[in-house]
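**Student:** Please find one structure pasted underneath; my questions will follow.
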Amino acid sequence: MHTTMQSVPLSTNQLLERGKQFFANREIVSRLPDKTLHRTTFEALHRRARQLAAALVRAGTKPGEPVATLMWNHAWHMEAYFGIPAAGAVLHTLNLRLSPEDLAYIIADAGDRILLVDDVLLPLVEKLVPLVKLERIIVAPTCGKPVQQGYQDYETFIDVDATDFQYQELEENAPCGMCYTSGTTGRPKGVVYSHRSTVLHSLAISLPDCLDLSCNDAVLAVTPMFHANSWGVPYASIMVGANLVFPGPHMAAEDLLDLMERETVTLALGVPTVWMTIQQALDNAPGRWQLKQGMRMMVGGSAVPKAMIAAFEKHGLAIKHGWGMTELSPVGTLSWLKPEHAALPEESQYQVRARQGIALPLVELRIMGENGPQPWDGASVGELQARGPWVTGGYHNTPRDPDKITDDGWLRTGDVATIDAEGYMRISDRTKDLIKSGGEWISSVDLENAIMGHPAVAEAAVVAVRHPKWDERPLAVVVKKPGKEVAPEELRAFLAAQFPNWQCPDDYAFVEALPRTSTGKFMKTKLRDDFKEWVSRTPQ
Ligand code: ADP
């Protein structure tokens, strides 16, 4: 027997068409460099993305060819998100926080010929140009100033009649997007998304138990569009008709809270380091911002401390904790409460919500120990591996790498985790961040989360330092809240109530700020380097 169902290839063009057809007047609001707000509609997005597609085809862009963007989050980047795939080409988002040398490596590895860039980022492009072979640099006028000589003006480039533009005929597994991993271990590697993976990911993250995304929403995407597709919300929001709100380059907590209030944001997404600053701003000025009651916030990219979930709850705001990777488009799991958790005490509910959560539909997870897959008992630890239609099965230009993909085709995430009987995954660390003390593993993430629960602590990261007897010991690098004091002895006593004695750090360093990666996570590699001469205080 054969299926009687139609075989219609999935495509991002379908999302663009749907956005215009049903939600033409929904808005895309972008904060510009001068802090004014730029407003446009889904209808205009549709028209201008198709103009960009037509212009790219006219300029000789071939199906499957990468076209790079170096842009903040805003309406022009949205046009690239849809216009580049509509031309049959591949949207290659470049991380604007990388050095010119790293960008040059990535551009060469991808084979980019065309770059779309914000006018405010031209100083970076000037350093990049001597290092790369770009044929065309097209400048988006986010400042409204005339474009400098030697560059092409975006508005002139897309000034073509695209009324009759025909989408390229593509099969659903054709590439539509590309993003490089941040390369914390070795060179960055290219992950290439397909039309099919992007559409399926959009559907899955929109589900009620995931982001619960609909045309009643206004979504503030703090997550950069230059890294891991801004967690997929640019595509999903157009599909369901949710307004999109973009901060542009203004990422200070006050600016984000102003946008949330002004645009009646119902869902905001970002990494914990940004949400820590938002929490502090709310705590410092109670009542200053009138936020939409019940506003959801998806926070992930690194572990969300339980204390943060509880702190936002006091402001009437709900954090949903998610886990993902560039390699997973990026969302793999989200934590939400099941009906049977409703009767649990508040503290236990926070514990569930602080886990990384349940796999999205179609994503499979397993915990691999030395002797094979581990039971889902909440205690058996091993490497987290993933499989699914939006999980990468390899890397661009990289021969099959057994360190990354298993023989039976699962992605090795490099995360160490457990899964409990109810299916909640919990990350205890990244393989390379675990601390091995006297032959026993200590989870840096668990310690960090606990320390950040202390009322005087703003941020904390835990890294291994050398010890002559125990090999490694944990060092807690702590940022105090403004005007608050806390001594190492007090923090140790605080932790002693939650961890066995041998796991608690004896070593504390107080700093003004923690170094961050290009995607806003604590930069453990830099901390390990900064404290490599540290002499541990743990007795021998
Ligand atoms: P990179 O951090 O290398 O830039 P990604 O942005 O793709 O790459 O991050 C993926 C990694 O981030 C995961 O493998 C995991 O270690 C970490 N991560 C993501 N979400 C969470 C989370 N909710 N809790 C703990 N770690 C997380």
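Identifiers for the structure tokens are assigned positionally: chains receive A, B, ... in sequence, residues are indexed from 1 per chain, and ligands are indexed from 1 in the order shown.
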Skip segment 99-106 of chain A itself and residues of its chain fewer than 4 positions away, then list as a PDB file with N, CA, C and O atoms, in the first residue's frame all residues within 6 Å of it, counting only C-alpha atoms.
**Tutor:**
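The resulting file, result.pdb, is reproduced below:
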```
ATOM      1  N   LEU A 128      37.598  43.719   8.747  1.00  0.00           N
ATOM      2  CA  LEU A 128      37.381  42.388   8.184  1.00  0.00           C
ATOM      3  C   LEU A 128      37.775  42.328   6.705  1.00  0.00           C
ATOM      4  O   LEU A 128      38.342  41.323   6.241  1.00  0.00           O
ATOM      5  N   LEU A 131      40.873  40.801   5.237  1.00  0.00           N
ATOM      6  CA  LEU A 131      41.112  39.397   5.584  1.00  0.00           C
ATOM      7  C   LEU A 131      40.258  38.424   4.778  1.00  0.00           C
ATOM      8  O   LEU A 131      40.420  37.211   4.904  1.00  0.00           O
ATOM      9  N   VAL A 132      39.293  38.963   4.003  1.00  0.00           N
ATOM     10  CA  VAL A 132      38.330  38.065   3.339  1.00  0.00           C
ATOM     11  C   VAL A 132      38.171  38.422   1.864  1.00  0.00           C
ATOM     12  O   VAL A 132      38.574  39.492   1.424  1.00  0.00           O
TER      13      VAL A 132
END
```
**Student:** Output the neighbourhood of ligand 1 as a ChimeraX atom specification, that is, all protein and nucleic acid residues with some atom at most 8 Å from the ligand, counting only C-alpha atoms and all ligand atoms.
**Tutor:** /A:181-184,227-228,299-304,321-328,330,355-356,413-415,426-430,445,517-519,521
**Student:** So, counting only C-alpha atoms, which residue among A:Ala493, A:Gly190, A:Met71, A:Ala89 is closest to Ile138 of chain A?
**Tutor:** A:Met71
**Student:** Residues near Glu263 of chain A, anyone? I mean within 8 Å using only C-alpha atoms, not counting same-chain ones fewer than 3 positions away, as a ChimeraX atom specification.
**Tutor:** /A:218,245,259-260
**Student:** With only C-alpha atoms as the counted atoms, please give the residues lying no more than 12 Å from His454 of chain A, apart from itself and same-chain residues fewer than 4 positions off, as an NGL selection string.
**Tutor:** :A and (305-308 or 311 or 447-450 or 458-460 or 478-481 or 484-488 or 490-495)
